[in-house]
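structure_24.txt follows (compact mmCIF, C-alpha atoms):
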# COMPACT_ATOMS: atom_id res chain seq x y z
CA MET G 1 18.32 -17.91 6.33
CA THR G 2 20.19 -21.24 6.44
CA VAL G 3 19.55 -24.37 4.41
CA SER G 4 18.20 -26.06 7.55
CA GLU G 5 15.37 -23.52 7.65
CA ARG G 6 13.96 -24.68 4.28
CA GLY G 7 10.53 -26.17 4.80
CA ASN G 8 10.08 -24.55 8.20
CA PRO G 9 6.62 -22.90 8.09
CA LEU G 10 7.97 -19.96 10.09
CA THR G 11 10.87 -19.13 7.81
CA ASP G 12 10.42 -20.59 4.32
CA PRO G 13 9.91 -17.54 2.09
CA LEU G 14 7.86 -19.42 -0.49
CA ASN G 15 5.39 -20.74 2.05
CA LEU G 16 5.19 -17.72 4.28
CA LEU G 17 6.23 -14.25 3.13
CA SER G 18 3.91 -14.05 0.14
CA GLN G 19 0.71 -15.29 1.79
CA THR G 20 -2.25 -13.03 2.56
CA ALA G 21 -5.37 -15.05 3.42
CA PRO G 22 -6.83 -14.83 6.95
CA ASN G 23 -5.90 -18.44 7.78
CA THR G 24 -2.19 -17.91 7.00
CA THR G 25 0.60 -16.79 9.29
CA MET G 26 1.41 -13.66 7.29
CA GLY G 27 -2.26 -12.89 6.65
CA ALA G 28 -2.91 -12.87 10.40
CA LEU G 29 0.00 -10.48 10.98
CA LEU G 30 -1.09 -8.05 8.25
CA ARG G 31 -4.56 -7.90 9.79
CA ARG G 32 -3.15 -6.39 12.99
CA PHE G 33 -2.64 -3.07 11.18
CA TRP G 34 -4.79 -0.46 9.48
CA GLN G 35 -4.59 -0.99 5.72
CA PRO G 36 -5.65 1.47 2.99
CA ILE G 37 -8.31 -0.12 0.81
CA ALA G 38 -9.59 2.60 -1.56
CA VAL G 39 -9.21 6.17 -2.77
CA ALA G 40 -11.93 8.12 -0.96
CA LYS G 41 -13.00 10.25 -3.94
CA GLU G 42 -13.77 7.09 -5.93
CA LEU G 43 -16.62 6.20 -3.55
CA GLY G 44 -19.38 8.72 -4.09
CA PRO G 45 -22.38 9.47 -1.89
CA ARG G 46 -24.76 6.52 -1.44
CA ALA G 47 -22.47 4.39 -3.61
CA ALA G 48 -21.19 0.83 -3.18
CA LYS G 49 -18.34 -1.05 -4.82
CA ARG G 50 -16.98 -4.55 -4.79
CA ILE G 51 -13.43 -4.85 -3.47
CA ARG G 52 -11.00 -7.66 -2.76
CA ILE G 53 -8.39 -7.07 -0.03
CA LEU G 54 -6.16 -9.56 1.79
CA SER G 55 -7.79 -12.40 -0.16
CA GLU G 56 -11.29 -11.48 1.07
CA ASP G 57 -14.19 -10.38 -1.14
CA LEU G 58 -16.00 -7.45 0.46
CA THR G 59 -18.45 -4.60 -0.13
CA LEU G 60 -17.41 -1.00 0.48
CA TYR G 61 -20.28 1.47 0.63
CA ARG G 62 -20.91 5.04 1.73
CA GLY G 63 -24.03 5.86 3.73
CA GLU G 64 -26.11 8.99 3.34
CA SER G 65 -24.11 10.60 6.16
CA GLY G 66 -20.93 10.22 4.08
CA ARG G 67 -19.48 7.55 6.35
CA ALA G 68 -17.79 4.57 4.69
CA TYR G 69 -18.63 0.99 5.71
CA LEU G 70 -16.92 -2.30 4.86
CA VAL G 71 -19.03 -5.48 5.02
CA GLY G 72 -19.12 -8.92 3.43
CA GLY G 73 -19.14 -9.25 -0.32
CA ARG G 74 -22.29 -11.35 -0.67
CA CYS G 75 -25.76 -11.46 0.80
CA ALA G 76 -26.15 -14.24 3.36
CA HIS G 77 -29.40 -15.36 1.69
CA ARG G 78 -28.36 -16.74 -1.69
CA SER G 79 -24.94 -15.20 -2.21
CA THR G 80 -25.80 -12.38 -4.59
CA LEU G 81 -23.10 -9.70 -4.75
CA LEU G 82 -24.15 -7.09 -2.24
CA HIS G 83 -22.62 -4.06 -3.96
CA THR G 84 -25.29 -4.38 -6.68
CA GLY G 85 -27.93 -3.34 -4.15
CA TRP G 86 -28.81 0.16 -2.98
CA ILE G 87 -28.17 2.42 0.00
CA GLU G 88 -30.92 3.45 2.39
CA GLY G 89 -29.64 5.78 5.08
CA GLU G 90 -26.61 4.00 6.57
CA ARG G 91 -27.72 0.55 5.38
CA ILE G 92 -27.36 -1.48 2.20
CA ARG G 93 -30.17 -3.58 0.72
CA CYS G 94 -29.62 -6.63 -1.50
CA MET G 95 -31.19 -6.25 -4.94
CA TYR G 96 -32.22 -9.92 -5.14
CA HIS G 97 -34.73 -10.34 -2.29
CA GLY G 98 -34.33 -7.12 -0.32
CA TRP G 99 -32.36 -8.33 2.69
CA GLN G 100 -30.97 -5.25 4.38
CA TYR G 101 -27.74 -4.91 6.41
CA ASP G 102 -26.31 -2.17 8.62
CA GLY G 103 -22.67 -1.11 8.80
CA SER G 104 -21.89 -3.75 11.44
CA GLY G 105 -22.98 -6.49 9.04
CA GLN G 106 -26.16 -7.20 11.00
CA CYS G 107 -29.15 -8.16 8.88
CA ILE G 108 -31.89 -5.71 9.80
CA GLU G 109 -34.74 -6.80 7.57
CA ARG G 110 -35.84 -9.79 5.45
CA PRO G 111 -39.02 -8.49 3.82
CA ALA G 112 -40.45 -11.83 2.67
CA GLU G 113 -39.64 -13.80 5.84
CA GLY G 114 -42.07 -12.21 8.28
CA ASP G 115 -39.51 -11.81 11.07
CA LYS G 116 -40.97 -10.69 14.41
CA GLY G 117 -37.64 -9.46 15.70
CA LEU G 118 -34.09 -8.88 14.52
CA PRO G 119 -33.02 -11.69 12.16
CA ASN G 120 -30.32 -14.01 13.48
CA VAL G 121 -28.13 -13.27 10.45
CA LYS G 122 -24.88 -11.36 10.30
CA ILE G 123 -22.14 -11.00 7.70
CA VAL G 124 -18.57 -9.90 8.31
CA SER G 125 -17.78 -6.21 8.83
CA TYR G 126 -14.64 -4.20 9.51
CA PRO G 127 -14.03 -0.69 10.95
CA THR G 128 -13.00 2.05 8.50
CA TYR G 129 -11.16 5.36 8.83
CA GLU G 130 -10.67 8.11 6.24
CA TYR G 131 -7.37 9.94 6.12
CA ALA G 132 -5.63 12.14 3.53
CA GLY G 133 -7.83 11.02 0.66
CA LEU G 134 -7.75 7.30 1.46
CA ILE G 135 -10.14 4.89 3.14
CA PHE G 136 -8.43 2.55 5.60
CA ALA G 137 -9.80 -0.62 7.19
CA PHE G 138 -8.83 -2.74 10.18
CA MET G 139 -9.46 -6.39 9.32
CA GLY G 140 -8.07 -8.02 12.45
CA GLU G 141 -9.68 -9.39 15.57
CA GLY G 142 -10.72 -7.32 18.58
CA GLN G 143 -10.53 -3.56 18.95
CA PRO G 144 -8.49 -1.77 16.27
CA PRO G 145 -5.36 0.11 17.33
CA GLU G 146 -5.43 3.88 17.44
CA PHE G 147 -5.11 5.33 13.95
CA GLU G 148 -1.63 6.74 14.42
CA LEU G 149 1.02 4.69 12.61
CA PRO G 150 0.03 5.71 9.01
CA ARG G 151 0.02 9.44 9.76
CA LYS G 152 2.64 11.83 8.37
CA ALA G 153 3.05 15.53 9.20
CA ALA G 154 3.03 16.61 5.54
CA PHE G 155 -0.41 15.08 5.03
CA GLU G 156 -1.87 17.27 7.75
CA ARG G 157 -0.35 20.65 6.86
CA PRO G 158 -2.79 23.23 5.50
CA ASP G 159 -0.15 24.61 3.10
CA TYR G 160 0.26 21.27 1.28
CA LEU G 161 -1.78 19.82 -1.58
CA ILE G 162 -2.76 16.16 -1.17
CA PHE G 163 -3.23 13.66 -4.00
CA ALA G 164 -4.25 10.01 -3.63
CA LYS G 165 -3.92 7.26 -6.21
CA ALA G 166 -4.30 3.47 -6.50
CA GLN G 167 -2.99 1.00 -9.07
CA VAL G 168 -3.33 -2.78 -9.32
CA TRP G 169 -0.26 -4.79 -10.37
CA PRO G 170 -0.26 -8.52 -11.20
CA CYS G 171 2.37 -9.66 -8.71
CA ASN G 172 2.73 -10.49 -5.04
CA TRP G 173 2.88 -7.74 -2.44
CA PHE G 174 6.07 -8.87 -0.72
CA GLN G 175 8.35 -8.50 -3.71
CA GLN G 176 7.07 -4.94 -3.94
CA VAL G 177 7.89 -4.36 -0.28
CA GLU G 178 11.37 -5.80 -0.80
CA ASN G 179 11.92 -3.33 -3.62
CA SER G 180 11.62 -0.57 -0.99
CA PHE G 181 14.76 -1.97 0.65
CA ASP G 182 16.76 -2.19 -2.55
CA ALA G 183 18.43 1.20 -3.02
CA VAL G 184 20.85 -0.27 -5.58
CA HIS G 185 18.07 -0.85 -8.09
CA VAL G 186 17.66 2.91 -8.41
CA SER G 187 21.05 3.14 -10.16
CA PHE G 188 19.84 0.73 -12.83
CA ALA G 189 16.07 0.26 -13.03
CA HIS G 190 15.38 4.01 -12.90
CA ARG G 191 17.72 4.59 -15.80
CA TRP G 192 16.09 1.88 -17.92
CA GLY G 193 14.37 3.00 -21.11
CA GLN G 194 15.08 6.65 -20.38
CA VAL G 195 16.37 8.77 -17.52
CA GLY G 196 13.76 10.96 -15.89
CA ALA G 197 13.77 13.44 -13.04
CA PHE G 198 14.28 10.74 -10.41
CA GLY G 199 17.17 9.07 -12.23
CA GLU G 200 18.91 12.40 -12.77
CA ALA G 201 18.57 13.39 -9.13
CA VAL G 202 19.82 10.13 -7.68
CA THR G 203 22.57 9.49 -10.29
CA ALA G 204 23.93 6.12 -11.42
CA ALA G 205 26.58 5.95 -8.71
CA LEU G 206 26.32 2.96 -6.38
CA PRO G 207 25.39 3.79 -2.79
CA GLN G 208 26.74 2.89 0.61
CA LEU G 209 23.87 1.29 2.51
CA GLU G 210 22.76 1.64 6.13
CA TYR G 211 19.65 0.23 7.83
CA PHE G 212 18.31 1.03 11.30
CA GLU G 213 15.19 -0.31 12.97
CA THR G 214 12.99 2.49 14.32
CA ASP G 215 9.84 2.70 16.43
CA ALA G 216 7.78 2.74 13.23
CA GLY G 217 9.77 0.46 10.94
CA VAL G 218 13.14 0.83 9.24
CA ARG G 219 15.23 3.82 8.18
CA GLN G 220 17.22 3.22 5.02
CA ILE G 221 20.10 5.56 4.19
CA ALA G 222 21.71 5.20 0.77
CA THR G 223 24.66 7.59 0.38
CA ARG G 224 26.14 8.19 -3.06
CA PRO G 225 29.35 10.09 -3.89
CA GLY G 226 29.16 13.87 -3.70
CA ASP G 227 27.34 13.93 -0.37
CA ASN G 228 24.14 12.67 -2.02
CA PRO G 229 22.20 10.74 0.66
CA ARG G 230 18.68 9.40 0.20
CA ILE G 231 16.59 8.44 3.21
CA ASN G 232 13.53 6.20 3.19
CA GLU G 233 11.33 5.89 6.25
CA TRP G 234 9.64 2.51 5.93
CA THR G 235 6.68 1.80 8.22
CA PHE G 236 5.84 -1.75 9.26
CA PRO G 237 4.39 -3.80 7.66
CA ASN G 238 3.99 -2.47 4.09
CA ASN G 239 4.46 1.31 3.70
CA ASN G 240 7.37 3.21 2.18
CA TYR G 241 7.77 6.96 2.69
CA LEU G 242 10.27 9.03 0.73
CA ILE G 243 10.74 12.37 -1.01
CA VAL G 244 11.17 12.40 -4.79
CA PRO G 245 11.44 15.02 -7.52
CA CYS G 246 8.41 15.67 -9.69
CA ARG G 247 8.76 16.57 -13.38
CA ASN G 248 11.44 19.25 -13.56
CA ARG G 249 13.60 21.62 -11.55
CA ASN G 250 10.81 24.14 -11.13
CA ASP G 251 8.48 21.74 -9.38
CA PRO G 252 8.56 21.26 -5.61
CA TRP G 253 9.70 17.85 -4.42
CA VAL G 254 6.93 15.42 -3.50
CA GLU G 255 6.47 13.66 -0.18
CA ASN G 256 5.34 10.23 -1.32
CA SER G 257 3.85 7.50 0.86
CA VAL G 258 3.07 4.20 -0.86
CA TRP G 259 1.42 1.10 0.59
CA MET G 260 1.75 -2.30 -1.07
CA VAL G 261 -1.59 -3.77 -0.07
CA PRO G 262 -2.31 -7.41 -1.01
CA ILE G 263 -5.47 -7.92 -3.00
CA ASP G 264 -4.63 -11.61 -2.92
CA ASP G 265 -1.41 -13.59 -3.30
CA GLU G 266 -1.11 -12.71 -7.00
CA HIS G 267 -2.29 -9.08 -7.14
CA THR G 268 -1.24 -5.97 -5.25
CA MET G 269 -2.84 -2.56 -4.89
CA ARG G 270 -0.19 0.14 -4.82
CA ILE G 271 -2.01 2.94 -3.06
CA GLN G 272 -0.33 6.30 -2.54
CA ILE G 273 -0.60 9.67 -0.88
CA ARG G 274 1.47 12.43 -2.49
CA ALA G 275 1.89 15.78 -0.70
CA VAL G 276 3.20 18.88 -2.49
CA GLU G 277 3.85 22.28 -0.96
CA SER G 278 1.40 24.94 -2.13
CA ARG G 279 3.12 27.90 -3.80
CA SER G 280 0.65 30.03 -5.77
CA PRO G 281 -2.78 29.60 -7.36
CA ALA G 282 -1.25 29.17 -10.82
CA ALA G 283 1.43 26.74 -9.66
CA ASP G 284 -1.10 24.77 -7.62
CA ALA G 285 -3.45 24.50 -10.60
CA ASP G 286 -0.59 23.26 -12.78
CA ILE G 287 0.60 20.60 -10.34
CA SER G 288 -2.99 19.51 -9.68
CA ALA G 289 -3.57 19.05 -13.41
CA TYR G 290 -0.39 16.98 -13.59
CA PHE G 291 -1.41 14.62 -10.81
CA ASN G 292 -4.95 14.33 -12.15
CA GLU G 293 -3.46 13.23 -15.47
CA ASP G 294 -1.10 10.85 -13.66
CA ASP G 295 -4.13 9.18 -12.07
CA ASP G 296 -4.95 7.75 -15.51
CA TYR G 297 -1.59 6.01 -15.96
CA ASN G 298 -1.12 2.45 -14.75
CA PRO G 299 1.82 0.51 -16.26
CA ALA G 300 -0.25 -2.69 -16.05
CA ASP G 301 -2.34 -1.27 -18.90
CA TYR G 302 0.82 -1.12 -21.05
CA HIS G 303 2.33 -4.46 -20.02
CA ASP G 304 3.19 -5.69 -23.53
CA ASP G 305 4.52 -2.31 -24.66
CA LEU G 306 6.87 -2.16 -21.68
CA PHE G 307 8.12 -5.74 -21.75
CA ASN G 308 8.27 -6.31 -25.50
CA SER G 309 9.01 -2.86 -26.95
CA LYS G 310 10.39 -0.86 -24.02
CA LYS G 311 7.86 1.80 -24.96
CA MET G 312 8.05 4.31 -22.13
CA PRO G 313 5.43 6.84 -20.95
CA ALA G 314 5.91 10.41 -22.08
CA ASP G 315 5.88 11.75 -18.51
CA PRO G 316 9.46 11.89 -17.09
CA GLY G 317 8.15 12.00 -13.53
CA PHE G 318 5.87 9.62 -11.66
CA ALA G 319 4.64 7.66 -14.67
CA LEU G 320 8.22 6.82 -15.68
CA ILE G 321 9.16 5.77 -12.13
CA SER G 322 6.06 3.58 -12.01
CA ALA G 323 6.78 1.95 -15.37
CA GLN G 324 10.38 1.13 -14.44
CA ASP G 325 9.39 -0.34 -11.07
CA TYR G 326 6.62 -2.34 -12.76
CA VAL G 327 8.99 -4.02 -15.20
CA ALA G 328 11.46 -4.86 -12.43
CA GLN G 329 8.93 -6.24 -9.96
CA VAL G 330 6.42 -7.93 -12.28
CA GLY G 331 9.42 -9.28 -14.17
CA GLN G 332 10.25 -11.37 -11.09
CA GLY G 333 7.12 -13.44 -11.69
CA THR G 334 3.67 -13.39 -10.18
CA ILE G 335 5.15 -14.81 -6.96
CA THR G 336 8.91 -14.79 -7.18
CA ASP G 337 10.68 -18.08 -6.45
CA ARG G 338 13.09 -17.08 -3.70
CA THR G 339 14.75 -20.50 -3.69
CA GLN G 340 16.38 -19.46 -6.96
CA GLU G 341 17.81 -16.13 -5.81
CA ARG G 342 21.48 -15.47 -5.13
CA LEU G 343 21.72 -12.67 -2.58
CA GLY G 344 24.85 -10.53 -2.32
CA LYS G 345 26.15 -7.75 -0.11
CA SER G 346 24.02 -5.20 -1.94
CA ASP G 347 20.95 -7.08 -0.63
CA LYS G 348 21.62 -6.32 3.04
CA GLY G 349 18.32 -4.43 3.21
CA ILE G 350 16.40 -7.48 2.00
CA VAL G 351 18.05 -9.65 4.65
CA PHE G 352 17.39 -6.99 7.31
CA LEU G 353 13.72 -6.83 6.34
CA ARG G 354 13.14 -10.57 6.34
CA ARG G 355 14.68 -10.98 9.79
CA ILE G 356 12.23 -8.42 11.19
CA PHE G 357 9.28 -10.17 9.58
CA TRP G 358 10.36 -13.61 10.81
CA ARG G 359 10.74 -12.22 14.33
CA GLU G 360 7.26 -10.68 14.29
CA LEU G 361 5.67 -13.71 12.66
CA LYS G 362 7.21 -16.06 15.19
CA ALA G 363 5.93 -13.95 18.08
CA ASN G 364 2.44 -13.78 16.60
CA VAL G 365 2.28 -17.55 16.00
CA GLU G 366 3.49 -18.31 19.52
CA GLY G 367 0.95 -15.96 21.08
CA ARG G 368 3.56 -13.51 22.32
CA PRO G 369 3.25 -9.73 21.84
CA ILE G 370 4.69 -8.39 18.63
CA LYS G 371 6.61 -5.11 18.73
CA GLN G 372 4.44 -2.12 19.58
CA TRP G 373 5.06 -0.27 16.35
CA ARG G 374 4.26 3.44 16.68
CA LYS G 375 4.49 6.65 14.71
CA LEU G 376 7.91 8.30 14.85
CA ARG G 377 8.05 11.08 17.38
CA GLU G 378 11.15 12.69 15.89
CA THR G 379 11.35 14.47 12.54
CA VAL G 380 14.04 13.23 10.19
CA GLU G 381 15.19 15.49 7.37
CA MET G 382 14.98 13.72 4.04
CA PRO G 383 17.51 15.46 1.77
CA LYS G 384 16.67 16.74 -1.70
CA GLN G 385 19.83 16.26 -3.70
CA GLY G 386 20.58 16.63 -7.40
CA MET G 387 17.54 18.57 -8.65
CA GLN G 388 16.86 21.16 -5.99
CA ALA G 389 13.47 22.76 -6.26
CA GLU G 390 13.69 26.44 -7.10
CA ALA G 391 12.00 29.03 -4.95

Target format structure tokens, applied to this file:
Amino acid sequence: MTVSERGNPLTDPLNLLSQTAPNTTMGALLRRFWQPIAVAKELGPRAAKRIRILSEDLTLYRGESGRAYLVGGRCAHRSTLLHTGWIEGERIRCMYHGWQYDGSGQCIERPAEGDKGLPNVKIVSYPTYEYAGLIFAFMGEGQPPEFELPRKAAFERPDYLIFAKAQVWPCNWFQQVENSFDAVHVSFAHRWGQVGAFGEAVTAALPQLEYFETDAGVRQIATRPGDNPRINEWTFPNNNYLIVPCRNRNDPWVENSVWMVPIDDEHTMRIQIRAVESRSPAADADISAYFNEDDDYNPADYHDDLFNSKKMPADPGFALISAQDYVAQVGQGTITDRTQERLGKSDKGIVFLRRIFWRELKANVEGRPIKQWRKLRETVEMPKQGMQAEA
């Protein structure tokens, strides 16, 4: 980006890249894609919960059939939070005066109003789709695209165990996305505090960087000395897919897909699917217990310990990776001030990423088609170097 582009609403990173609300340029682009909004197991039968996604306050509930619905956050009557009501069949009823809504957001009944027909009241609603332990929503206009782009082969194999997790971090989503394109940080941030399984596998050597745009997003190849390449398959607009070691040499490597989903401009939900090859009942029980325990760790709960005392989690696997990334990304500020950055040659991935976003944003603003992003048809081997899993 040149100095002349400062202040341009299509290119200024402060005014554009971090925004998420529906009336913003970036918010409109994000709403053209399926976004994960919750871990499916956390929404029980006939349950409702309040959620905030893409700067919108909404109600997520599960009908008696088990189907998930996403509707407005408040009753249209007098703005009581709708998730405090109760489920009747596939509908949700407000606890204040009993107004009832179906999954399309249509008000079906207003008990005290004496309606003769269907009330002329409707709140917002969005389509949902459950996949690999997550609930996704399409929050854009018109018909949603086919649910294809988020899919990965490992998440659909019967011989793999699937684990889903969500964390909330107090920083903007786009600086988390940019971290996915910063392979150099691995040589430093993931050796901070202590070196875990990931740091040992990748090593501290600086990588040679390559970036290629694909049908789905961007392929990042970071090659370190000793024929030690790492490949990330990043899917537009906010998903990073990579393979990482778990706790030790005896564990299988983990296929990890993480979305950086904006809650609003200042908070991000990092929502993940982890897939691990099944090996034996005992090994599966052990790895399941590990990931169930990992579900309880969120570095945001240990903010002061991490920033002030460098007190690290005991787990040398995913918890340690999460803590190190948290310090690096939250340490940039709630919304990082990109006018103060000094990019170098090691930031070629950041530059590559921003150019793609500016291209897509410009097309969307001008009413032209954006790229037809689609799931990769080819399979790309993602090497497991350093700590090879034992048979």

G:Trp234, G:Tyr297, G:Trp173, G:Tyr61: which is nearest G:Ala323, counting only C-alpha atoms? G:Tyr297

In Å, with one decimal, what is the gap from atom CA of G:Val168 to atom CA of G:Cys246?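 That distance, rounded to one decimal, is 21.9 Å.
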
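Among the candidates G:Gly349, G:Arg249, G:Met260, G:Trp373, the residue lying nearest to G:Ile221 is G:Gly349 (atoms considered: all atoms listed in the file).
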
Can you pull out the residues contacting G:His97? Cut-off 10 Å, using only C-alpha atoms, and skip same-chain residues under 4 positions away; I want them as a ChimeraX atom specification. /G:75,77-78,80,85,93,110-112

With all atoms of stretch 145-163 of chain G from the file as input, state the centre and edge lengths in Å to one decimal of the axis-aligned box that has 4 Å extra on each side, as JSON.
{"center_x": -1.2, "center_y": 12.4, "center_z": 6.7, "size_x": 16.5, "size_y": 32.5, "size_z": 29.4}

For G:Ala205, please output as a PyMOL selection string all residues within 12 Å (counting only C-alpha atoms; exclusion window: fewer than 4 positions along the same chain). chain G and resi 183-188+191+199-201+222-229

Calculated over only C-alpha atoms, which of the candidates G:Pro237, G:Trp34, G:Trp169, G:Ile135 has the smallest distance to G:His303?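 Closest residue, counting only C-alpha atoms: G:Trp169.
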
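Using only C-alpha atoms, the contacts of G:Ser104 at a cut-off of 8 Å, with sequence neighbours closer than 2 positions omitted, comprise Val71, Tyr101, Asp102, Gln106, Val124, Ser125 and Tyr126 of chain G.
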
Using all atoms listed in the file, determine which residues lie at most 7 Å from G:Val254, disregarding the query and same-chain residues fewer than 4 positions distant; provide the list as a PDB file with C-alpha atoms, in the coordinates of the input.
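And here's around-v5.pdb as it stands now:
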ATOM      1  CA  ILE G 243      10.740  12.370  -1.010  1.00  0.00           C
ATOM      2  CA  VAL G 244      11.170  12.400  -4.790  1.00  0.00           C
ATOM      3  CA  PRO G 245      11.440  15.020  -7.520  1.00  0.00           C
ATOM      4  CA  CYS G 246       8.410  15.670  -9.690  1.00  0.00           C
ATOM      5  CA  ARG G 274       1.470  12.430  -2.490  1.00  0.00           C
ATOM      6  CA  ALA G 275       1.890  15.780  -0.700  1.00  0.00           C
ATOM      7  CA  VAL G 276       3.200  18.880  -2.490  1.00  0.00           C
TER       8      VAL G 276
END
